[in-house]
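Okay, run08.cif now, which holds mmCIF, N, CA and C atoms:
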```
data_target
#
loop_
_atom_site.label_atom_id
_atom_site.label_comp_id
_atom_site.auth_asym_id
_atom_site.auth_seq_id
_atom_site.Cartn_x
_atom_site.Cartn_y
_atom_site.Cartn_z
N MET A 1 -13.22 -14.11 3.10
CA MET A 1 -12.90 -14.38 1.71
C MET A 1 -11.49 -14.96 1.62
N GLU A 2 -11.35 -16.01 0.91
CA GLU A 2 -10.05 -16.67 0.77
C GLU A 2 -9.24 -15.95 -0.28
N ASN A 3 -7.96 -15.76 0.00
CA ASN A 3 -7.06 -15.10 -0.95
C ASN A 3 -6.18 -16.15 -1.61
N PRO A 4 -6.43 -16.47 -2.87
CA PRO A 4 -5.61 -17.48 -3.54
C PRO A 4 -4.18 -17.00 -3.72
N LYS A 5 -3.28 -17.93 -3.66
CA LYS A 5 -1.88 -17.58 -3.92
C LYS A 5 -1.69 -17.26 -5.39
N LEU A 6 -0.58 -16.62 -5.68
CA LEU A 6 -0.28 -16.29 -7.08
C LEU A 6 -0.18 -17.56 -7.90
N ASN A 7 -0.65 -17.47 -9.13
CA ASN A 7 -0.46 -18.59 -10.04
C ASN A 7 0.11 -18.07 -11.34
N ASN A 8 0.34 -18.93 -12.27
CA ASN A 8 0.98 -18.53 -13.53
C ASN A 8 0.14 -17.55 -14.34
N GLU A 9 -1.15 -17.48 -14.07
CA GLU A 9 -2.01 -16.57 -14.80
C GLU A 9 -1.90 -15.13 -14.28
N ASP A 10 -1.35 -14.94 -13.08
CA ASP A 10 -1.19 -13.61 -12.51
C ASP A 10 0.07 -12.97 -13.08
N ASN A 11 -0.12 -11.95 -13.90
CA ASN A 11 1.02 -11.21 -14.42
C ASN A 11 1.18 -9.99 -13.53
N MET A 12 2.27 -9.95 -12.77
CA MET A 12 2.44 -8.94 -11.74
C MET A 12 3.66 -8.07 -12.01
N SER A 13 3.83 -7.61 -13.24
CA SER A 13 5.02 -6.85 -13.56
C SER A 13 4.79 -5.34 -13.59
N THR A 14 3.54 -4.87 -13.58
CA THR A 14 3.28 -3.44 -13.56
C THR A 14 2.38 -3.10 -12.37
N LEU A 15 2.38 -1.84 -12.00
CA LEU A 15 1.54 -1.38 -10.91
C LEU A 15 0.07 -1.68 -11.18
N SER A 16 -0.39 -1.40 -12.38
CA SER A 16 -1.81 -1.65 -12.68
C SER A 16 -2.15 -3.14 -12.64
N GLN A 17 -1.22 -4.01 -13.05
CA GLN A 17 -1.47 -5.45 -12.99
C GLN A 17 -1.58 -5.93 -11.54
N VAL A 18 -0.71 -5.43 -10.68
CA VAL A 18 -0.77 -5.80 -9.27
C VAL A 18 -2.07 -5.28 -8.65
N MET A 19 -2.44 -4.04 -8.97
CA MET A 19 -3.68 -3.48 -8.43
C MET A 19 -4.89 -4.28 -8.91
N ASN A 20 -4.89 -4.70 -10.16
CA ASN A 20 -6.00 -5.53 -10.67
C ASN A 20 -6.07 -6.87 -9.95
N THR A 21 -4.92 -7.49 -9.71
CA THR A 21 -4.88 -8.76 -9.00
C THR A 21 -5.37 -8.58 -7.56
N MET A 22 -4.96 -7.50 -6.91
CA MET A 22 -5.42 -7.25 -5.54
C MET A 22 -6.92 -6.99 -5.51
N ALA A 23 -7.44 -6.30 -6.52
CA ALA A 23 -8.89 -6.05 -6.59
C ALA A 23 -9.66 -7.37 -6.69
N LYS A 24 -9.13 -8.32 -7.44
CA LYS A 24 -9.76 -9.64 -7.54
C LYS A 24 -9.78 -10.34 -6.19
N ARG A 25 -8.85 -9.97 -5.33
CA ARG A 25 -8.75 -10.57 -4.00
C ARG A 25 -9.47 -9.73 -2.95
N GLY A 26 -10.19 -8.72 -3.39
CA GLY A 26 -10.98 -7.92 -2.47
C GLY A 26 -10.28 -6.73 -1.87
N ILE A 27 -9.07 -6.43 -2.31
CA ILE A 27 -8.33 -5.27 -1.78
C ILE A 27 -8.46 -4.15 -2.79
N THR A 28 -9.39 -3.24 -2.51
CA THR A 28 -9.69 -2.17 -3.46
C THR A 28 -9.54 -0.78 -2.86
N LYS A 29 -9.50 -0.68 -1.55
CA LYS A 29 -9.44 0.63 -0.90
C LYS A 29 -8.00 1.02 -0.58
N GLU A 30 -7.82 2.32 -0.39
CA GLU A 30 -6.49 2.86 -0.10
C GLU A 30 -6.45 3.49 1.28
N PHE A 31 -5.29 3.40 1.88
CA PHE A 31 -4.94 4.23 3.03
C PHE A 31 -4.24 5.44 2.42
N ARG A 32 -4.67 6.66 2.81
CA ARG A 32 -4.07 7.87 2.25
C ARG A 32 -3.83 8.89 3.35
N MET A 33 -2.74 9.62 3.21
CA MET A 33 -2.46 10.71 4.13
C MET A 33 -3.08 11.97 3.55
N ASN A 34 -3.86 12.66 4.38
CA ASN A 34 -4.51 13.88 3.89
C ASN A 34 -3.62 15.10 4.12
N GLU A 35 -4.15 16.27 3.77
CA GLU A 35 -3.36 17.50 3.87
C GLU A 35 -3.02 17.87 5.31
N ASN A 36 -3.71 17.27 6.29
CA ASN A 36 -3.41 17.50 7.71
C ASN A 36 -2.47 16.44 8.27
N CYS A 37 -1.86 15.65 7.38
CA CYS A 37 -0.93 14.58 7.74
C CYS A 37 -1.60 13.51 8.60
N GLU A 38 -2.88 13.26 8.32
CA GLU A 38 -3.63 12.20 8.99
C GLU A 38 -3.78 11.04 8.01
N MET A 39 -3.44 9.83 8.45
CA MET A 39 -3.60 8.65 7.60
C MET A 39 -5.02 8.13 7.79
N LYS A 40 -5.75 8.03 6.68
CA LYS A 40 -7.15 7.60 6.71
C LYS A 40 -7.32 6.42 5.77
N PHE A 41 -8.28 5.55 6.12
CA PHE A 41 -8.69 4.46 5.24
C PHE A 41 -9.83 5.00 4.40
N GLU A 42 -9.83 4.70 3.12
CA GLU A 42 -10.83 5.21 2.18
C GLU A 42 -12.24 5.05 2.74
N ASN A 43 -13.01 6.12 2.69
CA ASN A 43 -14.40 6.17 3.18
C ASN A 43 -14.51 5.95 4.69
N SER A 44 -13.48 6.33 5.43
CA SER A 44 -13.48 6.19 6.88
C SER A 44 -13.02 7.51 7.50
N GLU A 45 -13.46 7.77 8.69
CA GLU A 45 -13.03 8.98 9.40
C GLU A 45 -11.92 8.68 10.42
N LYS A 46 -11.57 7.42 10.58
CA LYS A 46 -10.57 7.04 11.57
C LYS A 46 -9.20 7.56 11.17
N ASN A 47 -8.50 8.15 12.13
CA ASN A 47 -7.10 8.55 11.96
C ASN A 47 -6.22 7.42 12.47
N TYR A 48 -5.35 6.92 11.63
CA TYR A 48 -4.48 5.80 12.01
C TYR A 48 -3.14 6.31 12.50
N ARG A 49 -2.61 5.60 13.48
CA ARG A 49 -1.23 5.78 13.92
C ARG A 49 -0.43 4.62 13.32
N PRO A 50 0.86 4.79 13.11
CA PRO A 50 1.65 3.71 12.50
C PRO A 50 1.53 2.37 13.22
N GLU A 51 1.42 2.38 14.53
CA GLU A 51 1.36 1.13 15.29
C GLU A 51 0.03 0.39 15.11
N GLU A 52 -0.93 1.01 14.45
CA GLU A 52 -2.21 0.36 14.18
C GLU A 52 -2.23 -0.32 12.81
N LEU A 53 -1.11 -0.23 12.08
CA LEU A 53 -1.02 -0.78 10.73
C LEU A 53 0.16 -1.74 10.62
N THR A 54 0.05 -2.66 9.67
CA THR A 54 1.13 -3.59 9.36
C THR A 54 1.25 -3.71 7.85
N ILE A 55 2.46 -3.56 7.35
CA ILE A 55 2.72 -3.80 5.92
C ILE A 55 2.90 -5.29 5.75
N VAL A 56 2.03 -5.91 4.94
CA VAL A 56 2.10 -7.36 4.75
C VAL A 56 2.73 -7.74 3.41
N LYS A 57 2.88 -6.77 2.52
CA LYS A 57 3.55 -7.03 1.24
C LYS A 57 3.89 -5.69 0.61
N SER A 58 4.98 -5.66 -0.12
CA SER A 58 5.32 -4.46 -0.89
C SER A 58 5.80 -4.87 -2.28
N TYR A 59 5.45 -4.04 -3.23
CA TYR A 59 5.84 -4.23 -4.63
C TYR A 59 6.50 -2.95 -5.11
N ARG A 60 7.66 -3.06 -5.70
CA ARG A 60 8.38 -1.89 -6.21
C ARG A 60 8.44 -1.96 -7.73
N PHE A 61 8.28 -0.78 -8.33
CA PHE A 61 8.27 -0.68 -9.79
C PHE A 61 9.17 0.46 -10.23
N GLU A 62 9.94 0.21 -11.29
CA GLU A 62 10.78 1.25 -11.88
C GLU A 62 10.40 1.41 -13.34
N GLY A 63 10.36 2.66 -13.78
CA GLY A 63 10.04 2.93 -15.17
C GLY A 63 11.12 2.40 -16.10
N ASP A 64 10.73 1.87 -17.25
CA ASP A 64 11.70 1.33 -18.21
C ASP A 64 12.61 2.40 -18.77
N SER A 65 12.05 3.55 -19.07
CA SER A 65 12.85 4.58 -19.73
C SER A 65 13.35 5.66 -18.79
N ASN A 66 12.77 5.77 -17.60
CA ASN A 66 13.15 6.83 -16.69
C ASN A 66 13.19 6.29 -15.26
N PRO A 67 14.37 6.24 -14.65
CA PRO A 67 14.47 5.72 -13.29
C PRO A 67 13.69 6.56 -12.27
N ASP A 68 13.39 7.83 -12.60
CA ASP A 68 12.60 8.66 -11.70
C ASP A 68 11.12 8.30 -11.74
N ASP A 69 10.73 7.49 -12.72
CA ASP A 69 9.33 7.05 -12.86
C ASP A 69 9.17 5.75 -12.07
N SER A 70 9.19 5.87 -10.75
CA SER A 70 9.18 4.70 -9.89
C SER A 70 8.04 4.80 -8.89
N ALA A 71 7.57 3.64 -8.42
CA ALA A 71 6.48 3.61 -7.45
C ALA A 71 6.63 2.39 -6.57
N VAL A 72 5.98 2.47 -5.42
CA VAL A 72 5.90 1.33 -4.52
C VAL A 72 4.44 1.19 -4.10
N LEU A 73 3.97 -0.04 -4.05
CA LEU A 73 2.63 -0.36 -3.60
C LEU A 73 2.77 -1.21 -2.35
N TYR A 74 2.20 -0.74 -1.25
CA TYR A 74 2.21 -1.49 -0.01
C TYR A 74 0.82 -2.09 0.21
N ILE A 75 0.75 -3.36 0.57
CA ILE A 75 -0.49 -3.97 1.02
C ILE A 75 -0.44 -3.87 2.54
N VAL A 76 -1.48 -3.25 3.11
CA VAL A 76 -1.48 -2.90 4.52
C VAL A 76 -2.72 -3.48 5.19
N SER A 77 -2.53 -3.95 6.41
CA SER A 77 -3.63 -4.45 7.23
C SER A 77 -3.70 -3.60 8.50
N ASP A 78 -4.94 -3.27 8.93
CA ASP A 78 -5.07 -2.56 10.19
C ASP A 78 -5.38 -3.55 11.31
N ASN A 79 -5.46 -3.07 12.53
CA ASN A 79 -5.70 -3.95 13.69
C ASN A 79 -7.06 -4.63 13.65
N ASP A 80 -8.00 -4.11 12.85
CA ASP A 80 -9.32 -4.70 12.73
C ASP A 80 -9.42 -5.69 11.58
N GLY A 81 -8.31 -5.91 10.87
CA GLY A 81 -8.31 -6.86 9.76
C GLY A 81 -8.65 -6.26 8.40
N ASN A 82 -8.91 -4.94 8.36
CA ASN A 82 -9.14 -4.29 7.06
C ASN A 82 -7.84 -4.30 6.27
N LYS A 83 -7.93 -4.57 4.99
CA LYS A 83 -6.74 -4.57 4.14
C LYS A 83 -6.93 -3.53 3.04
N GLY A 84 -5.86 -2.83 2.76
CA GLY A 84 -5.89 -1.81 1.73
C GLY A 84 -4.50 -1.59 1.17
N MET A 85 -4.37 -0.55 0.37
CA MET A 85 -3.11 -0.25 -0.30
C MET A 85 -2.64 1.14 0.08
N ILE A 86 -1.34 1.31 0.11
CA ILE A 86 -0.73 2.63 0.12
C ILE A 86 0.13 2.67 -1.13
N ILE A 87 -0.10 3.66 -1.96
CA ILE A 87 0.65 3.81 -3.21
C ILE A 87 1.48 5.07 -3.11
N ASP A 88 2.76 4.94 -3.42
CA ASP A 88 3.63 6.11 -3.40
C ASP A 88 4.58 6.06 -4.59
N SER A 89 4.56 7.12 -5.35
CA SER A 89 5.59 7.25 -6.38
C SER A 89 6.78 7.88 -5.68
N TYR A 90 7.95 7.52 -6.09
CA TYR A 90 9.12 8.09 -5.46
C TYR A 90 10.07 8.59 -6.51
N GLY A 91 11.06 9.27 -6.06
CA GLY A 91 11.92 9.99 -6.98
C GLY A 91 11.51 11.44 -6.96
N ALA A 92 11.56 12.08 -8.10
CA ALA A 92 11.27 13.51 -8.18
C ALA A 92 9.81 13.83 -7.92
N ASP A 93 8.90 12.89 -8.18
CA ASP A 93 7.47 13.17 -8.10
C ASP A 93 6.75 12.32 -7.06
N SER A 94 7.12 12.47 -5.81
CA SER A 94 6.46 11.72 -4.75
C SER A 94 5.01 12.15 -4.62
N ASN A 95 4.14 11.21 -4.24
CA ASN A 95 2.72 11.53 -4.02
C ASN A 95 2.54 12.44 -2.82
N TYR A 96 3.45 12.38 -1.86
CA TYR A 96 3.28 13.08 -0.59
C TYR A 96 4.49 13.97 -0.33
N PRO A 97 4.31 15.28 -0.44
CA PRO A 97 5.43 16.18 -0.14
C PRO A 97 5.70 16.23 1.36
N GLY A 98 6.87 16.63 1.72
CA GLY A 98 7.22 16.72 3.13
C GLY A 98 7.70 15.40 3.68
N GLU A 99 8.13 15.43 4.91
CA GLU A 99 8.72 14.25 5.52
C GLU A 99 7.75 13.47 6.39
N GLU A 100 6.54 13.99 6.62
CA GLU A 100 5.59 13.32 7.51
C GLU A 100 5.21 11.94 6.98
N PHE A 101 4.97 11.84 5.69
CA PHE A 101 4.58 10.56 5.10
C PHE A 101 5.70 9.53 5.24
N ASP A 102 6.91 9.93 4.88
CA ASP A 102 8.05 9.01 4.99
C ASP A 102 8.27 8.56 6.43
N ALA A 103 8.16 9.48 7.37
CA ALA A 103 8.32 9.12 8.78
C ALA A 103 7.22 8.16 9.22
N PHE A 104 5.98 8.41 8.78
CA PHE A 104 4.86 7.53 9.11
C PHE A 104 5.13 6.12 8.59
N LEU A 105 5.54 6.02 7.32
CA LEU A 105 5.82 4.70 6.72
C LEU A 105 6.93 3.96 7.46
N ARG A 106 7.98 4.68 7.84
CA ARG A 106 9.10 4.04 8.55
C ARG A 106 8.66 3.43 9.88
N ASP A 107 7.60 4.00 10.47
CA ASP A 107 7.15 3.53 11.78
C ASP A 107 6.13 2.40 11.71
N ILE A 108 5.68 2.04 10.51
CA ILE A 108 4.73 0.93 10.37
C ILE A 108 5.49 -0.39 10.47
N GLN A 109 4.96 -1.30 11.25
CA GLN A 109 5.56 -2.62 11.39
C GLN A 109 5.46 -3.37 10.05
N ILE A 110 6.48 -4.13 9.72
CA ILE A 110 6.50 -4.92 8.49
C ILE A 110 6.50 -6.40 8.86
N LYS A 111 5.51 -7.12 8.35
CA LYS A 111 5.43 -8.59 8.50
C LYS A 111 5.03 -9.13 7.14
N GLU A 112 6.00 -9.18 6.25
CA GLU A 112 5.72 -9.64 4.86
C GLU A 112 5.22 -11.08 4.87
N THR A 113 4.25 -11.35 4.01
CA THR A 113 3.67 -12.67 3.88
C THR A 113 3.59 -13.03 2.39
N ASP A 114 3.60 -14.31 2.08
CA ASP A 114 3.47 -14.75 0.70
C ASP A 114 2.01 -14.82 0.26
N GLU A 115 1.09 -14.47 1.16
CA GLU A 115 -0.34 -14.54 0.86
C GLU A 115 -0.71 -13.61 -0.30
N PHE A 116 0.03 -12.55 -0.47
CA PHE A 116 -0.28 -11.56 -1.50
C PHE A 116 0.78 -11.56 -2.56
#
```

For this file, write the structure as structure tokens.
Amino acid sequence: MENPKLNNEDNMSTLSQVMNTMAKRGITKEFRMNENCEMKFENSEKNYRPEELTIVKSYRFEGDSNPDDSAVLYIVSDNDGNKGMIIDSYGADSNYPGEEFDAFLRDIQIKETDEF
């Protein structure tokens, strides 16, 4: 499936707008860390290690009225070419408690592309 580049019709200023645009491009699944600190791709049993993933794009969002209302959306590709999202709110209300998630993210290779 071809991923069109952004055009003037793509409004990408909120998390939901970016997620809607990614869904139009076929990126609808999430990579999530479970309670056992295992990173899984939605509807998959595979446990990922950081070296099996690449961050190809990241989007950061800050709340207008509250700086603690912030989030980051990562577009991630695995070694098999599957693409998905990792969503993390940061500040006081992170999606993932503990340091395992942050350490996992730091170890993922970053190769940002303009494709997304």

Leaving out Phe31 (chain A) and any residue of its chain fewer than 4 positions from it, which residues lie within 7 Å of it when counting only N, CA and C atoms, given as JSON, numbers by chain? {"A": [39, 40, 41, 42, 84, 85, 86, 87]}

Coordinates-based distance that separates CA of Leu73 (chain A) from CA of Asn34 (chain A) (Å, one decimal):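 Going from CA of Asn34 (chain A) over to CA of Leu73 (chain A), I get 17.6 Å.
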
I'd like the neighbourhood of Phe61 (chain A) as a PyMOL selection string, where a residue qualifies if any of its atoms comes within 6.5 Å (using only N, CA and C atoms), though same-chain residues fewer than 5 positions away should be ignored. chain A and resi 15+69-73

Distance CA of Tyr59 (chain A)-CA of Tyr90 (chain A), one decimal place?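 So the answer is 12.8 Å.
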
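Reported to one decimal place, the separation of CA of Cys37 (chain A) from atom N of Glu100 (chain A) is 7.6 Å.
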
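Between Lys83 (chain A) and the candidates A:Glu99, A:Asp107, A:Glu30, A:Asp114, the tightest atom-to-atom separation, counting only N, CA and C atoms, involves A:Glu30.
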
Within 6.5 Å of Ser77 (chain A), counting only N, CA and C atoms, which residues show up once you throw out same-chain ones fewer than 6 positions away? Write them as an NGL selection string, please. :A and (52-56 or 83-84)

Please write the residues from the selection above to a file, keeping N, CA and C atoms, as a PDB file, keeping the file's coordinate frame.
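In the end it all went to out.pdb:
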```pdb
ATOM      1  N   GLU A  52      -0.930   1.010  14.450  1.00  0.00           N
ATOM      2  CA  GLU A  52      -2.210   0.360  14.180  1.00  0.00           C
ATOM      3  C   GLU A  52      -2.230  -0.320  12.810  1.00  0.00           C
ATOM      4  N   LEU A  53      -1.110  -0.230  12.080  1.00  0.00           N
ATOM      5  CA  LEU A  53      -1.020  -0.780  10.730  1.00  0.00           C
ATOM      6  C   LEU A  53       0.160  -1.740  10.620  1.00  0.00           C
ATOM      7  N   THR A  54       0.050  -2.660   9.670  1.00  0.00           N
ATOM      8  CA  THR A  54       1.130  -3.590   9.360  1.00  0.00           C
ATOM      9  C   THR A  54       1.250  -3.710   7.850  1.00  0.00           C
ATOM     10  N   ILE A  55       2.460  -3.560   7.350  1.00  0.00           N
ATOM     11  CA  ILE A  55       2.720  -3.800   5.920  1.00  0.00           C
ATOM     12  C   ILE A  55       2.900  -5.290   5.750  1.00  0.00           C
ATOM     13  N   VAL A  56       2.030  -5.910   4.940  1.00  0.00           N
ATOM     14  CA  VAL A  56       2.100  -7.360   4.750  1.00  0.00           C
ATOM     15  C   VAL A  56       2.730  -7.740   3.410  1.00  0.00           C
ATOM     16  N   LYS A  83      -7.930  -4.570   4.990  1.00  0.00           N
ATOM     17  CA  LYS A  83      -6.740  -4.570   4.140  1.00  0.00           C
ATOM     18  C   LYS A  83      -6.930  -3.530   3.040  1.00  0.00           C
ATOM     19  N   GLY A  84      -5.860  -2.830   2.760  1.00  0.00           N
ATOM     20  CA  GLY A  84      -5.890  -1.810   1.730  1.00  0.00           C
ATOM     21  C   GLY A  84      -4.500  -1.590   1.170  1.00  0.00           C
TER      22      GLY A  84
END
```

Considering only C-alpha atoms, can you say which of A:Arg60, A:Arg32, A:Arg49, A:Arg25 comes closest to Gln109 (chain A)?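 Smallest distance to Gln109 (chain A) is found for A:Arg49.
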